[in-house]
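J.: The structure that follows is given in the form of structure tokens.
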Amino acid sequence: MGFGQLPYDVAHLLGGAMLLLSFMLLYQRRVAAVVSVLAAQGAVLAAAAAWQGFVQGAPQLYLTALIAAVAKAGLIPFALRWMIRKLALARGVDPALGIGPSLVAGVGLVALAIMVTLPITTGAQALAREDLALALSVVLLGMLMMITRRNAILQVVGLMSLENGLVLAAVGVTGMPLVVELSTAALVMLVLVVAGVFTFQIRGRFDSLDTALLHPHRGEEG
Amino acid sequence: MLTALALGLALLGLLALAALPLAGHRLAGRIVHGGCCVVSAGFALAALGGMAFGLPEEPLRLPFGPAWAGMSLAMDGLSAWFLLLLGLAGVATSLFALGGAPRGLVAWPIFLGAMALALLAADGFTLLLGFEAMSLASWALVALDHREAGNRAAARLYLIVAALAAACLLPCFGLLGAMDFAAIRAAPPEGWRAVAVLALGLVGAGAKAGLVPLHAWLPLAHPAAPSHVSALMSGAMTKVALYVMARLLLDLCGPVQPGWWGLPLLVLGVASAVLGALRANLEEDTKVLLACSTIENVGLVVVGLGLALLFRGADLGAMAALAAGAALLHAMAHGLFKTLLFLVAGAIQHAAGSRRLDRLGGLIHAMPRTALAAAIGLGAAAGLPPLSGFASEWLLLQSLLAGWRLGEIGLQMAAAAALALAAMAVALAAAAMLRFFGLVFLGRPRSPRGAGAREMGRLQVVAMLLPAGLTVLLGLFPALALELAGEGIRQLVGPMVRPPVIGLALGAGEGHSTYAPLAVALLIGLALMLLWAVVRWRSPAIADRGPVWNGGFIDPPAELIFGDPLSQPSAAGMAQPLRRMLGGTLLAARERVTLPPPGDPRPARLEAGFEDRIGMAPLTPAARIRDAVAAQVERLRSLTIRGSLSLVFATLVGLLALVAWLEGR
């Protein structure tokens with residue numbers, strides 16, 4: 001397996017697509033569109049996991065792909081959409097950091113991820129190296145999304161995207177046990193539920209999803 | 001032999017464990033303290049045997065330890081010398097504790113064992129493990145009487161200083177590049193790493209030993225602890241810190257280091273000696289006084305170590321051996337007589353009910369054996385021949401006198417200044433010890449409780465007479481002791497040197513000056529006998545008792561059965577000349593006379609006191625920094641969710657950037 005071969009090219013394509021979708025998450029101005037992009041990212045992740053399962057000859061990765069397809073491309077976006085509809089949330093994204101600066105910061109983070117990953121993994125397979133750099137970029141962009149958006153739902157989306165990056169890294173490395181993926185998937189579902197309940201609570205009390213409204217209610221001045 | 005020592009360590013650990021279920025049992029104190037006494041005696045015998053008949057060559061690898069390497073034990077000349085001191089002090093203090101109420105039974109064996117572990121360590125990890133366990137166990141013992149607020153504050157300060165020492169020693173051993181001592185000796189640190197090791201080692205070990213300016217904990221912690229604990233802390237624990245300093249700076253960093261390394265040691269040592277001795281003259285609490293004297297003696301030992309470094313750097317092997325021998329001998333002498341003196345202070349506190357000099361007096365009649373032991377210990381501390389303190393201080397001053405052999409004029413001047421100041425410190429210490437003995441044992445009792453004092457139990461008296469006898473022995477045969485320490489001296493300054501010994505006498509330099517303690521003792525004895533004979537011959541056959549001259553005071557009223565307290569010198573009064581002469585600049589001493597206006601019936605008041613600003617100097621800014629850091633950290637608590645996440649994110653990105661930068665180099 002090396003440069004210019006089919007397994008490498010397809011894996012690279014899928015990883016690159018995930019990174020691209022991460023950037024799309026950053027520049028969307030509407031919440032509904034953000035959720036659609038997240039669903040697309042989940043679908044690409046499922047495809048990437050399935051491709052890795054095919055290339056590595058590891059059937060358990062098909063299960064991972066199935067989980068990703070069902071949960072990340074189907075259930076979670078559906079739940080998020082339902083929440084948005086239920087909350088009648090049609091407002092746009094309210095970023096703490098403007099769209100342009102977030103994209104610039106995102107490019108910087110990708111550069112950092114490549115600079116960190118490539119020298120450290122010298123000696124590993126080229127596929128694993130590129131894959132790790134892409135996965136780390138997706139993780140960092142997810143975190144960036146979490147801290148640059150004020151809306152609670154968008155912060156949840158950032159967390160999901162971060163987790164997608166983690167799973168991408170996990171499927172890229174040969175011999176990763178399935179247990180880890182199952183547990184992370186379960187964890188993310190749990191987080192989603194908690195976040196959903198939390199969002200309803202905020203909505204019910206403050207008529208807005210801006211987390212800044214919570215600060216005066218922590219028992220000290222915000 | 002090492003296996004036996006390791007078993008001794010394990011036995012101490014078992015004793016500490018056994019103390020838990022035994023707590024409250026009738027025999028608990030006897031079992032634990034008796035066991036500690038036996039194990040300490042074993043340590044002393046093993047060290048003595050090792051130094052006399054050959055030390056074990058190979059280190060003992062223990063089958064457990066940290067992941068990267070097992071722990072290992074070894075005993076060379078240096079550790080054997082300090083182990084001997086630890087064993088002797090441990091026997092005396094455990095005996096003393098055996099006679100008293102059983103307290104602190106869990107921490108005591110751990111304290112002893114941790115010190116032995118630090119001394120026997122053959123790698124950095126084991127040494128630090130022992131050192132930190134020693135700090136923690138002694139903290140538990142200092143905090144034993146935690147019901148009093150003063151003791152709690154002392155224990156807290158003690159813990160802070162111990163943490164500072166750990167925070168310095170951990171990176172210090174990390175900078176050495178290896179864990180195993182043999183590996184460090186093979187590749188000693190160089191350049192900025194060596195300088196960092198010097199600075200961190202000086203602060204880390206110096207804080208634990210009580211070097212100026214990190215000495216503020218010592219006069220607080222020693223009175224707070226029970227007497228046998230303060231005896232072992234002052235006698236042995238400060239010596240373990242000095243051992244770590246000697247091991248780190250002289251042995252492990254090796255002879256490749258430049259000679260100026262000795263200079264900071266010399267300066268800090270001299271400053272400690274002068275300040276400690278001066279403070280000892282002004283304090284009015286027996287244990288605080290003794291703790292200040294410990295600061296002085298630690299300073300003298302560090303002066304010896306610094307001189308050894310200077311001489312070694314100038315390729316003066318014999319002189320370096322002289323200075324190192326003086327340091328080792330003084331460490332041993334001080335360890336013995338300070339153990340003794342703290343036990344005496346404990347006996348006095350128990351029997352006469354006070355530690356304050358102004359409430360004691362005339363105890364020589366009530367406690368003659370304690371007074372004898374105290375006279376020996378105080379004489380040694382005052383540097384009187386033929387006791388042990390004189391021998392070691394003589395060696396130290398001789399090596400300082402040889403300071404002109406250092407090639408550079410700056411070093412010569414430093415040695416000359418150090419000589420003057422060290423001599424002053426020795427003289428000040430003699431004055432402090434005289435004041436101690438005069439106020440506590442001579443004169444009339446100053447309180448009813450003091451008048452009713454009785455001698456302590458047999459075990460405690462034996463525990464005091466044992467180090468007293470050893471002090472006399474060490475004073476009479478310092479040459480034999482130095483022969484035993486020869487291997488340790490070679491460990492410190494180089495493999496080719498001999499200890500400064502000529503037969504049974506001490507010889508400085510190429511035999512220019514010698515000190516023969518036996519001959520001096522004989523002469524002193526003859527002079528005393530002559531004096532006694534003359535007095536006997538000149539005095540009338542029947543003693544003629546007359547009224548005591550009471551210094552011009554009128555006779556006390558009948559209800560003051562101990563006489564008028566004002567007609568006896570007080571502790572503050574005896575301290576006054578030195579307080580006025582030296583206290584003003586060094587200790588910010590003050591005196592204030594309040595005279596009420598004519599017609600006002602209030603009495604006139606004279607208030608005198610002092611303040612150790614040098615000791616407080618590092619503490620005040622440290623407290624301020626702590627408050628500032630705490631205030632900043634408090635602000636983090638009120639960050640928003642996004643703020644907290646951003647902090648995590650920024651940390652992650654920063655660390656990744658660091659990794660990328662390190663990879664790119």
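The chains in the structure tokens are called A, B, ... from first to last as shown; in each chain the residues are counted from 1, and the ligands are counted from 1 in the order shown.
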Could I get the residues of stretch 124-216 of chain B with an atom no further than 7 Å from an atom of stretch 96-118 of chain B, each paired with its nearest atom pair and that distance in Å to one decimal, using only C-alpha atoms, sorted by chain and residue number, as CSV?

T.:
```
residue,atom,partner,partner_atom,distance
B:Thr126,CA,B:Ala118,CA,6.7
B:Leu127,CA,B:Ala118,CA,4.4
B:Leu128,CA,B:Ala118,CA,6.9
B:Gly130,CA,B:Ala118,CA,4.4
B:Phe131,CA,B:Ala118,CA,5.5
B:Ala133,CA,B:Ala114,CA,5.6
B:Met134,CA,B:Ala114,CA,5.0
B:Ala137,CA,B:Phe111,CA,5.1
B:Ser138,CA,B:Phe111,CA,6.1
B:Ala140,CA,B:Ala107,CA,6.6
B:Leu141,CA,B:Gly104,CA,6.2
B:Leu144,CA,B:Gly104,CA,6.9
```

J.: Could you please take those selected residues and save N, CA and C atoms as a tab-separated table (two decimals), in the first residue's frame?

T.:
```tsv
chain	number	residue	atom	x	y	z
B	126	THR	N	15.54	6.28	45.45
B	126	THR	CA	15.50	5.78	46.82
B	126	THR	C	15.83	6.89	47.80
B	127	LEU	N	16.82	7.70	47.44
B	127	LEU	CA	17.21	8.79	48.33
B	127	LEU	C	16.07	9.77	48.53
B	128	LEU	N	15.42	10.14	47.42
B	128	LEU	CA	14.32	11.10	47.55
B	128	LEU	C	13.15	10.48	48.30
B	130	GLY	N	13.31	8.24	50.70
B	130	GLY	CA	13.64	8.29	52.12
B	130	GLY	C	13.54	9.71	52.65
B	131	PHE	N	14.04	10.67	51.88
B	131	PHE	CA	14.08	12.06	52.33
B	131	PHE	C	12.67	12.59	52.54
B	133	ALA	N	9.87	10.80	52.93
B	133	ALA	CA	9.20	10.09	54.02
B	133	ALA	C	9.66	10.65	55.36
B	134	MET	N	10.96	10.99	55.44
B	134	MET	CA	11.50	11.60	56.65
B	134	MET	C	10.78	12.92	56.94
B	137	ALA	N	7.09	12.15	58.05
B	137	ALA	CA	6.98	11.54	59.37
B	137	ALA	C	7.31	12.57	60.45
B	138	SER	N	8.35	13.38	60.20
B	138	SER	CA	8.72	14.36	61.23
B	138	SER	C	7.65	15.44	61.32
B	140	ALA	N	4.47	14.87	61.00
B	140	ALA	CA	3.43	14.28	61.85
B	140	ALA	C	3.84	14.39	63.32
B	141	LEU	N	5.13	14.21	63.59
B	141	LEU	CA	5.59	14.27	64.98
B	141	LEU	C	5.57	15.71	65.50
B	144	LEU	N	2.16	16.76	66.61
B	144	LEU	CA	1.56	15.87	67.61
B	144	LEU	C	0.71	16.65	68.61
```

J.: Would you mind writing down, as JSON, numbers by chain, each residue of stretch 38-188 of chain A that DSSP on the backbone assigns to helix (DSSP H, G or I)?

T.: {"A": [38, 39, 40, 41, 42, 43, 44, 45, 46, 47, 48, 49, 50, 51, 52, 53, 54, 55, 56, 60, 61, 62, 63, 64, 65, 66, 67, 68, 69, 70, 71, 72, 73, 74, 75, 76, 77, 78, 79, 80, 81, 82, 83, 84, 85, 86, 99, 100, 101, 102, 103, 104, 105, 106, 107, 108, 109, 110, 111, 112, 113, 114, 115, 116, 117, 118, 119, 120, 126, 127, 128, 129, 130, 131, 132, 133, 134, 135, 136, 137, 138, 139, 140, 141, 142, 143, 144, 145, 146, 147, 148, 152, 153, 154, 155, 156, 157, 158, 159, 160, 161, 162, 163, 164, 165, 166, 167, 168, 169, 170, 171, 172, 178, 179, 180, 181, 182, 183, 184, 185, 186, 187, 188]}

J.: Selected residues, C-alpha atoms, written as a short mmCIF file (atom, residue, chain, number, x, y, z; two decimals), in the first residue's frame, please.

T.:
```
data_model
loop_
_atom_site.label_atom_id
_atom_site.label_comp_id
_atom_site.auth_asym_id
_atom_site.auth_seq_id
_atom_site.Cartn_x
_atom_site.Cartn_y
_atom_site.Cartn_z
CA LEU A 38 -23.13 17.04 10.46
CA ALA A 39 -25.28 14.28 9.00
CA ALA A 40 -23.17 14.35 5.85
CA GLN A 41 -20.02 14.10 7.93
CA GLY A 42 -21.47 11.09 9.76
CA ALA A 43 -22.24 9.44 6.43
CA VAL A 44 -18.72 10.04 5.15
CA LEU A 45 -17.36 8.64 8.42
CA ALA A 46 -19.46 5.52 7.87
CA ALA A 47 -18.08 5.20 4.38
CA ALA A 48 -14.53 5.70 5.63
CA ALA A 49 -14.98 3.03 8.30
CA ALA A 50 -16.46 0.60 5.79
CA TRP A 51 -13.60 1.24 3.37
CA GLN A 52 -11.07 0.65 6.12
CA GLY A 53 -12.86 -2.55 7.03
CA PHE A 54 -12.64 -3.67 3.42
CA VAL A 55 -8.96 -2.70 3.07
CA GLN A 56 -7.81 -4.13 6.38
CA GLN A 60 -15.79 -5.56 12.88
CA LEU A 61 -15.21 -2.23 11.14
CA TYR A 62 -18.37 -2.86 9.10
CA LEU A 63 -20.23 -2.81 12.40
CA THR A 64 -18.57 0.50 13.23
CA ALA A 65 -19.63 1.80 9.85
CA LEU A 66 -23.17 0.62 10.51
CA ILE A 67 -23.22 2.37 13.91
CA ALA A 68 -21.89 5.54 12.33
CA ALA A 69 -24.41 5.41 9.52
CA VAL A 70 -27.38 4.74 11.77
CA ALA A 71 -26.46 6.98 14.73
CA LYS A 72 -24.45 9.78 13.23
CA ALA A 73 -25.98 10.12 9.80
CA GLY A 74 -29.51 9.19 10.88
CA LEU A 75 -30.62 9.31 14.48
CA ILE A 76 -28.60 12.17 15.89
CA PRO A 77 -29.31 14.66 13.07
CA PHE A 78 -32.92 13.58 13.18
CA ALA A 79 -33.07 14.24 16.93
CA LEU A 80 -31.38 17.58 16.49
CA ARG A 81 -33.78 18.57 13.74
CA TRP A 82 -36.69 17.51 15.87
CA MET A 83 -35.39 19.65 18.68
CA ILE A 84 -34.99 22.63 16.41
CA ARG A 85 -38.52 22.19 15.10
CA LYS A 86 -39.89 21.67 18.58
CA ILE A 99 -17.09 33.36 10.30
CA GLY A 100 -13.99 34.67 8.55
CA PRO A 101 -11.68 34.59 11.58
CA SER A 102 -12.95 31.12 12.51
CA LEU A 103 -12.02 29.84 9.05
CA VAL A 104 -8.58 31.44 9.30
CA ALA A 105 -8.10 29.86 12.74
CA GLY A 106 -9.28 26.54 11.31
CA VAL A 107 -6.67 26.65 8.55
CA GLY A 108 -4.02 27.40 11.17
CA LEU A 109 -5.16 24.42 13.23
CA VAL A 110 -4.97 22.10 10.24
CA ALA A 111 -1.46 23.31 9.56
CA LEU A 112 -0.56 22.68 13.19
CA ALA A 113 -2.06 19.19 13.10
CA ILE A 114 -0.02 18.30 10.02
CA MET A 115 3.14 19.75 11.50
CA VAL A 116 2.67 17.72 14.66
CA THR A 117 1.55 14.44 13.18
CA LEU A 118 3.78 13.96 10.20
CA PRO A 119 7.19 14.16 11.92
CA ILE A 120 6.07 12.06 14.90
CA ALA A 126 1.71 6.50 4.84
CA LEU A 127 -2.02 5.82 5.05
CA ALA A 128 -2.03 5.88 8.84
CA ARG A 129 0.01 9.07 8.88
CA GLU A 130 -2.24 11.04 6.57
CA ASP A 131 -5.29 9.63 8.26
CA LEU A 132 -4.06 10.69 11.70
CA ALA A 133 -3.29 14.22 10.50
CA LEU A 134 -6.79 14.50 9.03
CA ALA A 135 -8.41 13.08 12.16
CA LEU A 136 -6.51 15.44 14.44
CA SER A 137 -7.59 18.35 12.23
CA VAL A 138 -11.23 17.27 12.51
CA VAL A 139 -10.90 17.01 16.31
CA LEU A 140 -9.34 20.46 16.59
CA LEU A 141 -11.97 22.01 14.30
CA GLY A 142 -14.69 20.43 16.42
CA MET A 143 -13.23 22.01 19.53
CA LEU A 144 -12.92 25.33 17.71
CA MET A 145 -16.59 25.10 16.84
CA MET A 146 -17.47 24.42 20.47
CA ILE A 147 -15.73 27.52 21.71
CA THR A 148 -16.70 29.93 18.94
CA ALA A 152 -26.07 25.30 22.89
CA ILE A 153 -27.13 23.16 19.91
CA LEU A 154 -24.13 24.28 17.92
CA GLN A 155 -21.87 23.41 20.83
CA VAL A 156 -23.39 19.94 20.83
CA VAL A 157 -22.74 19.74 17.08
CA GLY A 158 -19.11 20.70 17.72
CA LEU A 159 -18.82 17.87 20.23
CA MET A 160 -20.29 15.41 17.71
CA SER A 161 -17.84 16.54 15.08
CA LEU A 162 -14.99 16.12 17.53
CA GLU A 163 -16.13 12.59 18.23
CA ASN A 164 -16.30 11.89 14.49
CA GLY A 165 -12.64 12.86 14.30
CA LEU A 166 -11.79 10.46 17.12
CA VAL A 167 -13.57 7.59 15.39
CA LEU A 168 -11.82 8.43 12.14
CA ALA A 169 -8.48 8.14 13.93
CA ALA A 170 -9.58 4.89 15.54
CA VAL A 171 -10.62 3.19 12.32
CA GLY A 172 -7.46 4.28 10.57
CA LEU A 178 -14.50 -2.49 18.61
CA VAL A 179 -15.34 -2.05 22.28
CA VAL A 180 -13.86 1.42 22.32
CA GLU A 181 -15.99 2.57 19.42
CA LEU A 182 -19.13 1.09 20.87
CA SER A 183 -18.53 2.79 24.17
CA THR A 184 -17.72 6.15 22.60
CA ALA A 185 -20.83 5.91 20.47
CA ALA A 186 -22.91 5.14 23.56
CA LEU A 187 -21.25 8.01 25.39
CA VAL A 188 -22.10 10.41 22.60
#
```

J.: For B:Gly353, which residue among B:Pro385, B:Gly191, B:Gly452, B:Pro255 is the nearest when counting only C-alpha atoms?

T.: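 Of all the options, B:Gly452 lies closest to B:Gly353.
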
J.: Could you list, as a PyMOL selection string, every residue of chain B that has an atom within 12 Å of an atom of chain A, counting only C-alpha atoms?

T.: chain B and resi 634-650+652-665

J.: Okay, now the selection with C-alpha atoms, as a compact mmCIF listing (two decimals), in the first residue's frame?

T.:
```txt
# COMPACT_ATOMS: atom_id res chain seq x y z
CA GLU B 634 -10.29 32.27 42.04
CA ARG B 635 -10.99 34.30 38.91
CA LEU B 636 -10.90 31.09 36.86
CA ARG B 637 -13.87 29.82 38.83
CA SER B 638 -16.13 32.49 37.40
CA LEU B 639 -15.19 31.81 33.76
CA THR B 640 -18.04 31.06 31.35
CA ILE B 641 -18.44 27.58 29.84
CA ARG B 642 -16.93 28.84 26.63
CA GLY B 643 -14.12 30.45 28.62
CA SER B 644 -13.27 27.19 30.34
CA LEU B 645 -13.39 25.32 27.05
CA SER B 646 -11.19 27.95 25.44
CA LEU B 647 -8.67 27.51 28.23
CA VAL B 648 -8.53 23.76 27.60
CA PHE B 649 -8.35 24.35 23.87
CA ALA B 650 -5.58 26.91 24.19
CA LEU B 652 -4.01 21.72 23.91
CA VAL B 653 -3.01 23.89 20.96
CA GLY B 654 -0.05 25.25 22.93
CA LEU B 655 1.18 21.77 23.78
CA LEU B 656 0.76 20.64 20.18
CA ALA B 657 2.71 23.67 19.02
CA LEU B 658 5.43 22.79 21.54
CA VAL B 659 5.58 19.26 20.18
CA ALA B 660 5.76 20.59 16.63
CA TRP B 661 8.54 23.00 17.62
CA LEU B 662 10.50 20.27 19.41
CA GLU B 663 10.12 17.98 16.41
CA GLY B 664 11.22 20.69 14.03
CA ARG B 665 14.43 21.43 15.90
```

J.: Set the distance at 9 Å and use only C-alpha atoms: which residues neighbour B:Thr594 once local chain neighbours fewer than 2 positions away are removed? I'd like the list as number ranges by chain.

T.: B: 592, 596, 603-607

J.: From the DSSP assignment of the backbone, select every residue of stretch 333-578 of chain B that is strand (DSSP E), and format the answer as a list in words.

T.: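 Going through stretch 333-578 of chain B, the strand (DSSP E) residues come out as Val501, Ile502, Ala505, Leu506, Gly507, Ala508, Ser513, Thr514 and Tyr515 of chain B.
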
J.: So that I can check the surroundings of B:Ala425, please list as an NGL selection string every protein, DNA and RNA residue that reaches within 9 Å of it, counting only C-alpha atoms and ignoring chain neighbours fewer than 4 positions away.

T.: :B and (270 or 273-278 or 296 or 300 or 420-421 or 429-430)

J.: Okay, now the selection with N, CA and C atoms, as an mmCIF file, in the first residue's frame?

T.:
```cif
data_model
loop_
_atom_site.group_PDB
_atom_site.id
_atom_site.type_symbol
_atom_site.label_atom_id
_atom_site.label_comp_id
_atom_site.auth_asym_id
_atom_site.auth_seq_id
_atom_site.Cartn_x
_atom_site.Cartn_y
_atom_site.Cartn_z
ATOM 1 N N VAL B 270 28.701 30.663 56.879
ATOM 2 C CA VAL B 270 29.154 31.674 57.838
ATOM 3 C C VAL B 270 27.975 32.513 58.311
ATOM 4 N N ALA B 273 26.057 30.538 60.782
ATOM 5 C CA ALA B 273 26.772 30.385 62.054
ATOM 6 C C ALA B 273 26.616 31.632 62.902
ATOM 7 N N VAL B 274 26.850 32.801 62.302
ATOM 8 C CA VAL B 274 26.801 34.037 63.091
ATOM 9 C C VAL B 274 25.377 34.317 63.556
ATOM 10 N N LEU B 275 24.424 34.226 62.632
ATOM 11 C CA LEU B 275 23.049 34.568 63.007
ATOM 12 C C LEU B 275 22.506 33.594 64.053
ATOM 13 N N GLY B 276 22.773 32.287 63.847
ATOM 14 C CA GLY B 276 22.282 31.300 64.811
ATOM 15 C C GLY B 276 22.877 31.524 66.188
ATOM 16 N N ALA B 277 24.184 31.768 66.236
ATOM 17 C CA ALA B 277 24.830 31.941 67.536
ATOM 18 C C ALA B 277 24.322 33.204 68.221
ATOM 19 N N LEU B 278 24.136 34.254 67.445
ATOM 20 C CA LEU B 278 23.656 35.497 68.059
ATOM 21 C C LEU B 278 22.237 35.313 68.588
ATOM 22 N N GLU B 296 23.540 27.485 63.999
ATOM 23 C CA GLU B 296 24.952 27.862 64.011
ATOM 24 C C GLU B 296 25.832 26.678 63.611
ATOM 25 N N LEU B 300 28.444 25.880 60.515
ATOM 26 C CA LEU B 300 29.875 25.536 60.594
ATOM 27 C C LEU B 300 30.185 24.324 59.712
ATOM 28 N N ALA B 420 37.254 35.036 60.464
ATOM 29 C CA ALA B 420 36.898 35.974 61.531
ATOM 30 C C ALA B 420 35.470 35.732 61.996
ATOM 31 N N LEU B 421 34.558 35.569 61.012
ATOM 32 C CA LEU B 421 33.150 35.420 61.392
ATOM 33 C C LEU B 421 32.900 34.081 62.083
ATOM 34 N N ALA B 429 28.595 31.326 70.507
ATOM 35 C CA ALA B 429 27.960 30.090 70.947
ATOM 36 C C ALA B 429 28.393 29.757 72.364
ATOM 37 N N ALA B 430 29.674 29.986 72.671
ATOM 38 C CA ALA B 430 30.154 29.708 74.026
ATOM 39 C C ALA B 430 29.393 30.579 75.025
#
```

J.: Compile the contact shell of B:Ala46 as JSON, numbers by chain: residues with an atom at most 9 Å away, counting only C-alpha atoms, same-chain residues fewer than 4 positions apart removed.

T.: {"B": [1, 2, 4, 5, 41, 42, 50, 51, 80, 83, 84]}
